[in-house]
file final13.txt (compact mmCIF, C-alpha atoms)
# COMPACT_ATOMS: atom_id res chain seq x y z
CA MET A 15 -34.55 -0.73 -8.64
CA LYS A 16 -30.85 -1.57 -9.19
CA ARG A 17 -30.02 -0.58 -5.62
CA TRP A 18 -32.83 -2.81 -4.30
CA CYS A 19 -31.58 -5.77 -6.33
CA LEU A 20 -28.04 -5.19 -5.16
CA GLY A 21 -29.22 -5.14 -1.55
CA VAL A 22 -31.05 -8.45 -2.04
CA LEU A 23 -27.94 -9.98 -3.56
CA ILE A 24 -25.80 -8.84 -0.63
CA ILE A 25 -28.26 -10.37 1.85
CA VAL A 26 -28.19 -13.66 -0.07
CA PHE A 27 -24.41 -13.77 -0.04
CA LEU A 28 -24.20 -12.78 3.62
CA SER A 29 -26.30 -15.78 4.55
CA GLY A 30 -24.05 -18.08 2.54
CA CYS A 31 -20.61 -16.65 3.26
CA ASN A 32 -20.63 -15.63 6.91
CA SER A 33 -21.94 -18.79 8.51
CA SER A 34 -20.08 -21.98 9.32
CA PRO A 35 -20.06 -24.27 6.27
CA SER A 36 -20.86 -27.94 6.49
CA PRO A 37 -17.83 -30.24 6.35
CA THR A 38 -19.22 -31.72 3.12
CA ILE A 39 -21.30 -28.92 1.56
CA TYR A 40 -19.80 -25.51 0.75
CA LYS A 41 -21.93 -22.43 0.18
CA PRO A 42 -21.02 -20.25 -2.85
CA CYS A 43 -18.58 -17.92 -1.08
CA GLY A 44 -15.28 -18.79 -2.66
CA VAL A 45 -14.51 -21.89 -0.58
CA TYR A 46 -14.52 -25.21 -2.40
CA PRO A 47 -13.07 -28.63 -1.58
CA ASP A 48 -10.01 -28.01 -3.79
CA LYS A 49 -9.65 -24.22 -3.91
CA ILE A 50 -10.38 -20.92 -2.20
CA ILE A 51 -10.94 -17.82 -4.32
CA ILE A 52 -9.59 -14.43 -3.25
CA GLY A 53 -10.31 -11.19 -5.16
CA SER A 54 -8.33 -8.07 -5.93
CA SER A 55 -8.87 -4.79 -7.75
CA LEU A 56 -5.67 -2.83 -8.26
CA ALA A 57 -3.89 -0.51 -10.67
CA LEU A 58 -2.17 -2.47 -13.42
CA SER A 59 -2.17 0.44 -15.85
CA GLY A 60 -2.21 4.24 -15.68
CA HIS A 61 -0.27 6.51 -13.31
CA ALA A 62 -0.02 3.87 -10.60
CA GLY A 63 0.39 0.86 -12.89
CA TYR A 64 3.92 0.09 -11.71
CA LEU A 65 2.76 -0.02 -8.10
CA GLY A 66 -0.09 -2.44 -8.74
CA THR A 67 2.01 -4.67 -10.98
CA GLN A 68 4.84 -4.98 -8.46
CA PHE A 69 2.41 -5.41 -5.58
CA LEU A 70 0.55 -8.18 -7.41
CA LYS A 71 3.66 -10.09 -8.50
CA GLY A 72 5.11 -9.95 -5.00
CA ALA A 73 1.93 -11.49 -3.61
CA LEU A 74 1.64 -14.06 -6.39
CA ALA A 75 5.25 -15.19 -5.91
CA TYR A 76 4.37 -16.41 -2.42
CA LEU A 77 0.91 -17.74 -3.30
CA LYS A 78 2.34 -19.79 -6.18
CA ALA A 79 4.91 -21.30 -3.84
CA VAL A 80 2.20 -22.21 -1.33
CA ASN A 81 0.03 -23.76 -4.05
CA ASN A 82 2.94 -25.80 -5.37
CA LYS A 83 3.26 -27.34 -1.92
CA GLY A 84 -0.41 -28.33 -1.84
CA GLY A 85 -2.08 -25.10 -0.76
CA ILE A 86 -3.83 -24.56 2.58
CA TRP A 87 -5.89 -27.40 4.05
CA GLY A 88 -5.67 -29.11 0.66
CA ARG A 89 -7.00 -26.07 -1.22
CA LYS A 90 -5.14 -24.00 -3.80
CA ILE A 91 -5.41 -20.23 -3.32
CA ILE A 92 -6.79 -18.70 -6.53
CA LEU A 93 -6.29 -14.94 -6.79
CA LYS A 94 -8.76 -13.38 -9.24
CA TYR A 95 -7.76 -9.80 -10.05
CA TYR A 96 -8.94 -6.91 -12.22
CA ASP A 97 -7.24 -3.71 -13.32
CA ASP A 98 -8.88 -0.51 -12.02
CA ALA A 99 -6.17 1.87 -13.37
CA TYR A 100 -6.30 3.74 -10.01
CA ASP A 101 -9.81 4.93 -10.86
CA PRO A 102 -12.33 4.82 -7.93
CA PRO A 103 -15.54 4.09 -9.93
CA ARG A 104 -13.77 1.33 -11.82
CA CYS A 105 -12.51 -0.12 -8.54
CA LEU A 106 -16.05 -0.13 -7.18
CA TYR A 107 -17.31 -1.92 -10.29
CA ASN A 108 -14.55 -4.51 -9.99
CA THR A 109 -15.32 -5.06 -6.32
CA GLN A 110 -19.02 -5.59 -6.98
CA LYS A 111 -18.12 -8.09 -9.69
CA LEU A 112 -15.71 -9.94 -7.39
CA ILE A 113 -18.28 -10.27 -4.61
CA ILE A 114 -21.48 -10.84 -6.59
CA GLU A 115 -20.34 -12.66 -9.73
CA ASP A 116 -17.06 -14.27 -8.72
CA LYS A 117 -18.23 -14.94 -5.16
CA VAL A 118 -14.78 -14.46 -3.66
CA PHE A 119 -14.08 -15.41 -0.06
CA ALA A 120 -12.04 -12.28 0.77
CA LEU A 121 -10.62 -9.16 -0.87
CA PHE A 122 -6.87 -8.60 -1.00
CA CYS A 123 -4.07 -6.27 -2.11
CA TYR A 124 -6.00 -3.16 -3.17
CA VAL A 125 -3.88 -0.18 -4.30
CA GLY A 126 -4.53 3.44 -3.41
CA THR A 127 -6.50 5.61 -1.01
CA PRO A 128 -9.26 7.00 -3.30
CA THR A 129 -9.93 3.57 -4.79
CA THR A 130 -9.99 1.70 -1.49
CA LEU A 131 -12.13 4.28 0.29
CA LYS A 132 -14.69 4.03 -2.51
CA VAL A 133 -15.41 0.37 -1.78
CA ILE A 134 -15.64 0.52 2.03
CA PRO A 135 -19.47 0.82 2.15
CA PHE A 136 -19.71 -2.26 -0.05
CA VAL A 137 -17.17 -4.14 2.08
CA ASN A 138 -19.21 -3.31 5.18
CA GLY A 139 -22.47 -4.37 3.54
CA ALA A 140 -21.07 -7.70 2.40
CA LYS A 141 -19.15 -8.22 5.68
CA ILE A 142 -16.15 -9.34 3.67
CA PRO A 143 -12.55 -8.93 4.89
CA LEU A 144 -10.25 -6.65 2.89
CA ILE A 145 -6.62 -7.54 3.59
CA GLY A 146 -3.33 -5.78 2.86
CA MET A 147 -4.06 -2.47 1.12
CA PHE A 148 -1.26 -0.42 -0.46
CA THR A 149 -2.31 2.77 1.29
CA GLY A 150 -1.59 4.32 4.66
CA ALA A 151 -4.84 6.31 4.81
CA HIS A 152 -5.96 7.32 8.29
CA ALA A 153 -9.61 6.71 7.34
CA LEU A 154 -8.85 3.00 6.89
CA ARG A 155 -7.65 2.84 10.48
CA LYS A 156 -9.90 5.17 12.45
CA PRO A 157 -12.64 4.65 13.33
CA PHE A 158 -11.81 0.97 13.70
CA ASN A 159 -13.40 -1.25 11.08
CA PRO A 160 -13.41 -5.01 11.81
CA TYR A 161 -13.36 -5.92 8.11
CA LEU A 162 -10.23 -3.93 7.21
CA ILE A 163 -6.84 -5.56 7.76
CA ASN A 164 -3.99 -3.09 7.28
CA VAL A 165 -0.47 -4.51 7.23
CA ARG A 166 1.61 -1.39 6.53
CA PRO A 167 2.07 1.68 8.77
CA SER A 168 -0.06 4.78 8.19
CA TYR A 169 0.85 7.92 6.26
CA TYR A 170 0.57 9.81 9.54
CA GLU A 171 3.38 7.63 10.92
CA GLU A 172 5.48 8.13 7.78
CA THR A 173 5.10 11.92 7.68
CA SER A 174 5.50 12.32 11.44
CA GLN A 175 8.85 10.54 11.49
CA ALA A 176 10.02 12.37 8.37
CA ILE A 177 9.19 15.78 9.85
CA ASP A 178 11.06 14.82 13.03
CA HIS A 179 14.22 14.21 10.99
CA LEU A 180 13.77 17.27 8.79
CA VAL A 181 13.29 19.63 11.73
CA LYS A 182 15.53 18.05 14.39
CA ASP A 183 18.37 16.68 12.29
CA LEU A 184 18.49 19.13 9.38
CA ASN A 185 16.95 22.22 11.04
CA LEU A 186 14.64 22.77 8.07
CA ARG A 187 11.52 24.78 8.88
CA LYS A 188 10.33 26.38 5.64
CA ILE A 189 8.28 23.43 4.46
CA ALA A 190 5.93 23.44 1.46
CA ILE A 191 3.51 20.66 0.54
CA PHE A 192 2.79 19.41 -2.98
CA TYR A 193 -0.12 16.97 -3.00
CA GLN A 194 -2.52 15.06 -5.19
CA TYR A 195 -5.99 16.61 -5.01
CA ASP A 196 -7.91 13.63 -3.68
CA ALA A 197 -8.28 11.50 -0.55
CA TYR A 198 -4.67 10.29 -0.74
CA GLY A 199 -3.25 13.78 -1.04
CA PHE A 200 -5.51 15.19 1.67
CA ASP A 201 -4.42 12.43 4.03
CA GLY A 202 -0.75 13.18 3.46
CA LEU A 203 -1.43 16.90 3.76
CA THR A 204 -3.21 16.46 7.09
CA GLY A 205 -0.52 14.12 8.42
CA THR A 206 2.20 16.60 7.53
CA GLU A 207 0.32 19.52 9.09
CA LEU A 208 -0.22 17.56 12.30
CA ALA A 209 3.48 16.67 12.42
CA LEU A 210 4.49 20.30 11.86
CA HIS A 211 2.11 21.43 14.58
CA GLN A 212 4.22 19.52 17.12
CA TYR A 213 6.98 22.07 16.36
CA ASN A 214 4.62 25.07 16.23
CA LEU A 215 5.10 25.19 12.47
CA LYS A 216 2.77 25.46 9.49
CA PRO A 217 3.38 24.82 5.78
CA ILE A 218 4.60 27.98 4.10
CA THR A 219 2.77 26.93 0.90
CA ARG A 220 0.31 24.27 -0.21
CA ALA A 221 -0.19 23.41 -3.86
CA SER A 222 -1.90 20.50 -5.62
CA TYR A 223 -2.38 18.73 -8.93
CA ILE A 224 -5.26 16.64 -10.28
CA ARG A 225 -4.97 12.86 -9.99
CA GLY A 226 -4.22 11.13 -13.28
CA THR A 227 -2.62 14.21 -14.87
CA LEU A 228 0.87 15.67 -15.21
CA HIS A 229 -0.33 19.25 -14.88
CA VAL A 230 2.03 20.31 -12.10
CA GLU A 231 3.30 23.61 -13.53
CA LYS A 232 0.98 25.91 -11.53
CA ALA A 233 1.71 24.04 -8.32
CA PHE A 234 5.43 24.23 -9.04
CA ALA A 235 5.30 27.98 -9.71
CA LYS A 236 3.45 28.61 -6.45
CA ILE A 237 5.86 26.55 -4.37
CA TYR A 238 8.95 27.90 -6.15
CA ALA A 239 7.85 31.47 -5.42
CA SER A 240 7.66 30.75 -1.66
CA HIS A 241 11.36 29.72 -1.46
CA PRO A 242 10.97 26.66 0.79
CA ASP A 243 13.91 24.66 2.06
CA THR A 244 11.82 21.46 1.95
CA VAL A 245 9.04 20.18 -0.28
CA VAL A 246 6.87 17.34 1.07
CA MET A 247 5.36 15.50 -1.88
CA VAL A 248 2.23 13.36 -1.64
CA GLY A 249 1.68 12.02 -5.12
CA THR A 250 2.50 9.31 -7.65
CA TYR A 251 5.82 8.84 -9.41
CA GLU A 252 5.15 10.58 -12.75
CA PRO A 253 3.88 13.99 -11.54
CA CYS A 254 6.40 14.03 -8.68
CA ALA A 255 9.24 13.28 -11.10
CA LYS A 256 8.07 16.09 -13.38
CA PHE A 257 8.01 18.51 -10.43
CA ILE A 258 11.59 17.57 -9.49
CA GLN A 259 12.66 17.95 -13.12
CA LEU A 260 11.16 21.46 -13.19
CA ALA A 261 13.00 22.29 -9.98
CA SER A 262 16.30 21.09 -11.40
CA ALA A 263 15.84 23.22 -14.51
CA LYS A 264 15.40 26.26 -12.25
CA HIS A 265 18.39 25.28 -10.05
CA PHE A 266 15.90 25.04 -7.19
CA ARG A 267 17.39 22.66 -4.60
CA PRO A 268 15.22 22.08 -1.56
CA VAL A 269 15.10 18.73 0.20
CA PHE A 270 12.34 16.64 -1.39
CA TYR A 271 10.54 14.18 0.86
CA LEU A 272 8.01 11.69 -0.55
CA THR A 273 5.75 9.10 1.06
CA SER A 274 6.12 5.40 0.27
CA PHE A 275 3.17 5.30 -2.14
CA VAL A 276 5.20 7.22 -4.73
CA GLY A 277 7.08 4.05 -5.75
CA ALA A 278 10.75 4.86 -5.21
CA LYS A 279 12.07 2.62 -7.97
CA GLU A 280 10.01 4.22 -10.74
CA LEU A 281 10.68 7.69 -9.36
CA ALA A 282 14.42 6.98 -9.32
CA ARG A 283 14.33 5.80 -12.94
CA ARG A 284 12.75 9.07 -14.01
CA ILE A 285 15.17 11.35 -12.16
CA LYS A 286 18.38 9.35 -12.50
CA LYS A 287 20.23 12.23 -14.22
CA ILE A 288 19.15 14.82 -11.64
CA ASP A 289 21.29 15.75 -8.65
CA GLN A 290 18.84 16.56 -5.84
CA ASN A 291 18.21 15.50 -2.25
CA VAL A 292 15.26 13.13 -2.73
CA ILE A 293 14.14 11.16 0.34
CA VAL A 294 11.44 8.50 0.26
CA SER A 295 9.96 6.77 3.30
CA GLN A 296 9.43 3.01 3.12
CA VAL A 297 7.35 0.57 5.13
CA MET A 298 9.53 -2.44 4.27
CA PRO A 299 13.25 -3.08 4.77
CA ASN A 300 15.57 -3.08 1.78
CA PRO A 301 14.54 -6.17 -0.27
CA THR A 302 18.15 -6.72 -1.34
CA ILE A 303 19.02 -7.91 2.19
CA ILE A 304 16.95 -11.05 1.52
CA PRO A 305 19.45 -13.47 -0.08
CA LEU A 306 18.74 -15.81 -2.98
CA SER A 307 19.84 -18.62 -0.70
CA ASP A 308 16.61 -18.15 1.30
CA LYS A 309 14.39 -20.42 -0.80
CA ASN A 310 11.27 -19.32 1.07
CA GLY A 311 12.16 -15.65 0.73
CA TYR A 312 10.90 -12.89 -1.54
CA THR A 313 14.06 -12.58 -3.68
CA TYR A 314 14.27 -16.29 -4.53
CA LEU A 315 10.54 -16.80 -5.17
CA LEU A 316 10.25 -13.63 -7.29
CA LYS A 317 13.13 -14.83 -9.46
CA LYS A 318 11.58 -18.30 -9.69
CA TYR A 319 8.09 -17.23 -10.75
CA PHE A 320 8.74 -13.83 -12.35
CA PRO A 321 12.35 -13.97 -13.59
CA GLU A 322 11.98 -10.75 -15.57
CA GLU A 323 11.29 -8.71 -12.41
CA GLN A 324 13.76 -7.14 -10.00
CA PRO A 325 13.07 -6.98 -6.23
CA SER A 326 11.35 -3.81 -5.03
CA PHE A 327 9.95 -2.35 -1.83
CA VAL A 328 6.46 -2.51 -3.33
CA GLY A 329 6.84 -6.14 -4.36
CA LEU A 330 8.14 -7.11 -0.93
CA GLU A 331 5.06 -5.52 0.64
CA GLY A 332 2.79 -7.62 -1.58
CA PHE A 333 4.79 -10.71 -0.58
CA VAL A 334 4.36 -9.89 3.14
CA ASN A 335 0.62 -9.35 2.62
CA ALA A 336 0.38 -12.80 1.06
CA LYS A 337 2.12 -14.32 4.07
CA VAL A 338 -0.44 -12.66 6.36
CA LEU A 339 -3.31 -13.96 4.21
CA VAL A 340 -1.93 -17.52 4.15
CA LYS A 341 -1.27 -17.61 7.88
CA GLY A 342 -4.78 -16.29 8.51
CA LEU A 343 -6.23 -19.04 6.33
CA GLN A 344 -4.21 -21.64 8.17
CA ASN A 345 -5.50 -20.34 11.50
CA ALA A 346 -9.08 -20.29 10.17
CA GLY A 347 -9.08 -24.08 10.06
CA GLN A 348 -10.29 -26.69 7.60
CA PHE A 349 -13.80 -25.23 7.35
CA PRO A 350 -13.22 -21.47 7.18
CA THR A 351 -15.68 -18.61 7.34
CA ARG A 352 -14.90 -14.97 6.84
CA GLN A 353 -15.13 -14.36 10.57
CA LYS A 354 -12.72 -17.23 11.21
CA LEU A 355 -10.29 -15.71 8.73
CA ILE A 356 -10.42 -12.35 10.50
CA ALA A 357 -9.93 -14.08 13.87
CA GLY A 358 -7.05 -16.07 12.39
CA ILE A 359 -5.27 -12.85 11.46
CA GLU A 360 -6.08 -11.24 14.80
CA ASN A 361 -4.23 -14.15 16.45
CA LEU A 362 -0.96 -13.27 14.70
CA HIS A 363 1.22 -12.05 17.59
CA ASN A 364 4.97 -11.60 17.09
CA PHE A 365 4.65 -13.27 13.70
CA ASN A 366 8.33 -13.03 12.71
CA LEU A 367 9.00 -13.06 8.97
CA GLY A 368 12.70 -12.35 9.43
CA TYR A 369 14.77 -9.36 8.27
CA GLY A 370 13.19 -7.14 10.92
CA ILE A 371 9.60 -7.77 9.82
CA VAL A 372 7.50 -8.72 12.85
CA ILE A 373 3.70 -8.69 12.48
CA ASN A 374 1.36 -7.96 15.40
CA PHE A 375 -2.43 -7.96 15.21
CA SER A 376 -5.14 -8.19 17.85
CA LYS A 377 -8.92 -8.01 18.10
CA HIS A 378 -8.71 -4.23 18.46
CA ASN A 379 -5.61 -3.61 16.33
CA HIS A 380 -5.84 -4.29 12.60
CA GLN A 381 -2.50 -2.75 11.60
CA GLY A 382 0.31 -5.28 11.66
CA LEU A 383 3.38 -3.06 11.24
CA ASN A 384 4.55 0.31 12.58
CA LYS A 385 8.19 0.56 11.58
CA VAL A 386 9.16 3.20 9.01
CA TYR A 387 12.41 3.18 7.01
CA PHE A 388 13.96 5.91 4.89
CA THR A 389 15.80 5.85 1.57
CA ILE A 390 17.63 8.46 -0.47
CA ILE A 391 17.86 8.52 -4.25
CA LYS A 392 21.34 9.17 -5.63
CA ASN A 393 22.11 9.03 -9.37
CA GLY A 394 19.03 6.95 -10.01
CA LYS A 395 19.89 4.44 -7.28
CA ILE A 396 18.03 3.91 -4.02
CA LYS A 397 20.11 3.72 -0.86
CA MET A 398 19.00 3.24 2.71
CA LEU A 399 19.23 6.42 4.77
CA TYR A 400 20.43 5.91 8.33
CA ASN A 401 22.02 9.17 9.45
CA TRP A 402 20.30 12.27 8.12
CA LYS A 403 22.89 14.71 9.49
CA LYS A 404 25.83 12.93 7.85
CA GLU A 405 24.28 11.64 4.65
CA ILE A 406 22.31 14.70 3.51
CA LYS A 407 24.15 17.77 2.30
CA ILE A 408 22.03 20.91 2.43
CA ARG A 409 22.76 23.21 -0.48
call {"tool": "encode", "arguments": {"input": "final13.txt", "output": "structure tokens"}}
result
Amino acid sequence: MKRWCLGVLIIVFLSGCNSSPSPTIYKPCGVYPDKIIIGSSLALSGHAGYLGTQFLKGALAYLKAVNNKGGIWGRKIILKYYDDAYDPPRCLYNTQKLIIEDKVFALFCYVGTPTTLKVIPFVNGAKIPLIGMFTGAHALRKPFNPYLINVRPSYYEETSQAIDHLVKDLNLRKIAIFYQYDAYGFDGLTGTELALHQYNLKPITRASYIRGTLHVEKAFAKIYASHPDTVVMVGTYEPCAKFIQLASAKHFRPVFYLTSFVGAKELARRIKKIDQNVIVSQVMPNPTIIPLSDKNGYTYLLKKYFPEEQPSFVGLEGFVNAKVLVKGLQNAGQFPTRQKLIAGIENLHNFNLGYGIVINFSKHNHQGLNKVYFTIIKNGKIKMLYNWKKEIKIR
């Protein structure tokens, strides 16, 4: 009975939200004469709470600036968001609430692979765009889904480029994989295995931990016993930090490589007293290159609206997502529909945000960026990594 009612509700909202609105009468789909409502479910607590908080504040810094200048087509952008604590069922509940009760126009800035994948059937049923997810999951890119707008590169791209450097530059071939036992971890595992296959290599060990826990001891023991020279880590900052701490206590010194989702800043804070080779891929340039003098830039607007926060890679990504959303809304015109919003984003070609960030979308390409950067953590500080051969000392 509940499923039937939900289906009826979706049909009702489809008829109101995916047709061209009258210039004077707006259907209940988040578009009003003075505002447009966007919805988000993301982790603001739990093991990924730092990621969601930084992501959200980065996006809000730009949206607040836009609203203070009058908004888009005379409408303020209202971002309604709920905490899902990186829990898939909770994310699904939040998404249903955003679409059915809050009647949002679009979804925005979701965090995590297992959470985002959980809501895709609902996104498809409601025909609502989901823009700027903090996940590089392959399943959000292929097969192509017209309602999903990815801004960041994929995990496959991150792991492929990392393996190229590890094998070619450092001549490391005994590679183990430590991963979160869920859709996120499986995606990173598969991407790493595909990258290794290009060199006729396989992981010497695979070991996992359960999402939302710090129970990494068994995984550590298994990997430690295999004597790898590299450990690829596909997890969140707390369990990955604990694994590296266990390695340090055992004087185990492989090269650690982690995907961008780990949250380099929080990881660095937790391992600041540990001397290890810890490399983290990034999908944004170093936010510190954006000067305070740029009054439309991330650093200035973050300081203006959230003075207690420091710039981060995660926050900059949220900021870039907000720029994509705003430009899409501008392109959608004065009387937007969801389809017009999607088309407005698809028309972003060579959308140059400065500092090396150039966005490209098309009707058949819903991933705006492909460039991957690398950082290395030294004494709790994050530094850009440019030359692997010179900057990494193999012990």
call {"tool": "residues_around", "arguments": {"input": "final13.txt", "residues": "stretch 384-395 of chain A", "least_positions_apart": "5", "cutoff": "6 Å", "atoms": "only C-alpha atoms", "output": "PyMOL selection string"}}
result
chain A and resi 167+282-283+286+292-297
call {"tool": "write_last_selection", "arguments": {"input": "final13.txt", "atoms": "C-alpha atoms", "output": "mmCIF file, in the coordinates of the input"}}
result
data_model
loop_
_atom_site.group_PDB
_atom_site.id
_atom_site.type_symbol
_atom_site.label_atom_id
_atom_site.label_comp_id
_atom_site.auth_asym_id
_atom_site.auth_seq_id
_atom_site.Cartn_x
_atom_site.Cartn_y
_atom_site.Cartn_z
ATOM 1 C CA PRO A 167 2.070 1.680 8.770
ATOM 2 C CA ALA A 282 14.420 6.980 -9.320
ATOM 3 C CA ARG A 283 14.330 5.800 -12.940
ATOM 4 C CA LYS A 286 18.380 9.350 -12.500
ATOM 5 C CA VAL A 292 15.260 13.130 -2.730
ATOM 6 C CA ILE A 293 14.140 11.160 0.340
ATOM 7 C CA VAL A 294 11.440 8.500 0.260
ATOM 8 C CA SER A 295 9.960 6.770 3.300
ATOM 9 C CA GLN A 296 9.430 3.010 3.120
ATOM 10 C CA VAL A 297 7.350 0.570 5.130
#
call {"tool": "closest_residue", "arguments": {"input": "final13.txt", "among": "A:Asn361, A:Thr219, A:Thr227, A:Ser59", "to": "A:Ser240", "atoms": "all atoms listed in the file"}}
result
A:Thr219
call {"tool": "atom_distance", "arguments": {"input": "final13.txt", "atom1": "atom CA of A:Thr67", "atom2": "atom CA of A:Thr173"}}
result
25.2 Å
call {"tool": "residues_around", "arguments": {"input": "final13.txt", "residues": "A:Leu93", "least_positions_apart": "3", "cutoff": "9 Å", "atoms": "only C-alpha atoms", "output": "list in words"}}
result
Ile50, Ile51, Ile52, Gly53, Ser54, Leu74, Leu77 and Phe122 of chain A
call {"tool": "atom_distance", "arguments": {"input": "final13.txt", "atom1": "atom CA of A:Asn159", "atom2": "atom CA of A:Cys123"}}
result
16.9 Å
call {"tool": "closest_residue", "arguments": {"input": "final13.txt", "among": "A:Gly88, A:Pro47, A:Gly63, A:Pro242", "to": "A:Val328", "atoms": "all atoms listed in the file"}}
result
A:Gly63
call {"tool": "residues_around", "arguments": {"input": "final13.txt", "residues": "A:Leu228", "least_positions_apart": "6", "cutoff": "8 Å", "atoms": "only C-alpha atoms", "output": "MDAnalysis selection string"}}
result
chainID A and resid 252:253 256
call {"tool": "write_last_selection", "arguments": {"input": "final13.txt", "atoms": "C-alpha atoms", "output": "tab-separated table (two decimals), in the coordinates of the input"}}
result
chain	number	residue	atom	x	y	z
A	252	GLU	CA	5.15	10.58	-12.75
A	253	PRO	CA	3.88	13.99	-11.54
A	256	LYS	CA	8.07	16.09	-13.38
call {"tool": "residues_near_point", "arguments": {"input": "final13.txt", "point": "(2.9, -13.8, 5.0)", "cutoff": "10 Å", "atoms": "only C-alpha atoms", "output": "short mmCIF file (atom, residue, chain, number, x, y, z; two decimals) with C-alpha atoms, keeping the file's coordinate frame"}}
result
data_model
loop_
_atom_site.label_atom_id
_atom_site.label_comp_id
_atom_site.auth_asym_id
_atom_site.auth_seq_id
_atom_site.Cartn_x
_atom_site.Cartn_y
_atom_site.Cartn_z
CA ALA A 73 1.93 -11.49 -3.61
CA TYR A 76 4.37 -16.41 -2.42
CA LEU A 77 0.91 -17.74 -3.30
CA GLU A 331 5.06 -5.52 0.64
CA GLY A 332 2.79 -7.62 -1.58
CA PHE A 333 4.79 -10.71 -0.58
CA VAL A 334 4.36 -9.89 3.14
CA ASN A 335 0.62 -9.35 2.62
CA ALA A 336 0.38 -12.80 1.06
CA LYS A 337 2.12 -14.32 4.07
CA VAL A 338 -0.44 -12.66 6.36
CA LEU A 339 -3.31 -13.96 4.21
CA VAL A 340 -1.93 -17.52 4.15
CA LYS A 341 -1.27 -17.61 7.88
CA GLY A 342 -4.78 -16.29 8.51
CA PHE A 365 4.65 -13.27 13.70
CA ASN A 366 8.33 -13.03 12.71
CA LEU A 367 9.00 -13.06 8.97
CA ILE A 373 3.70 -8.69 12.48
#
call {"tool": "atom_distance", "arguments": {"input": "final13.txt", "atom1": "atom CA of A:Gly150", "atom2": "atom CA of A:Tyr169"}}
result
4.6 Å
call {"tool": "residues_around", "arguments": {"input": "final13.txt", "residues": "stretch 97-110 of chain A", "least_positions_apart": "5", "cutoff": "7 Å", "atoms": "all atoms listed in the file", "output": "PyMOL selection string"}}
result
chain A and resi 55-60+62-63+126+128-129+132-133
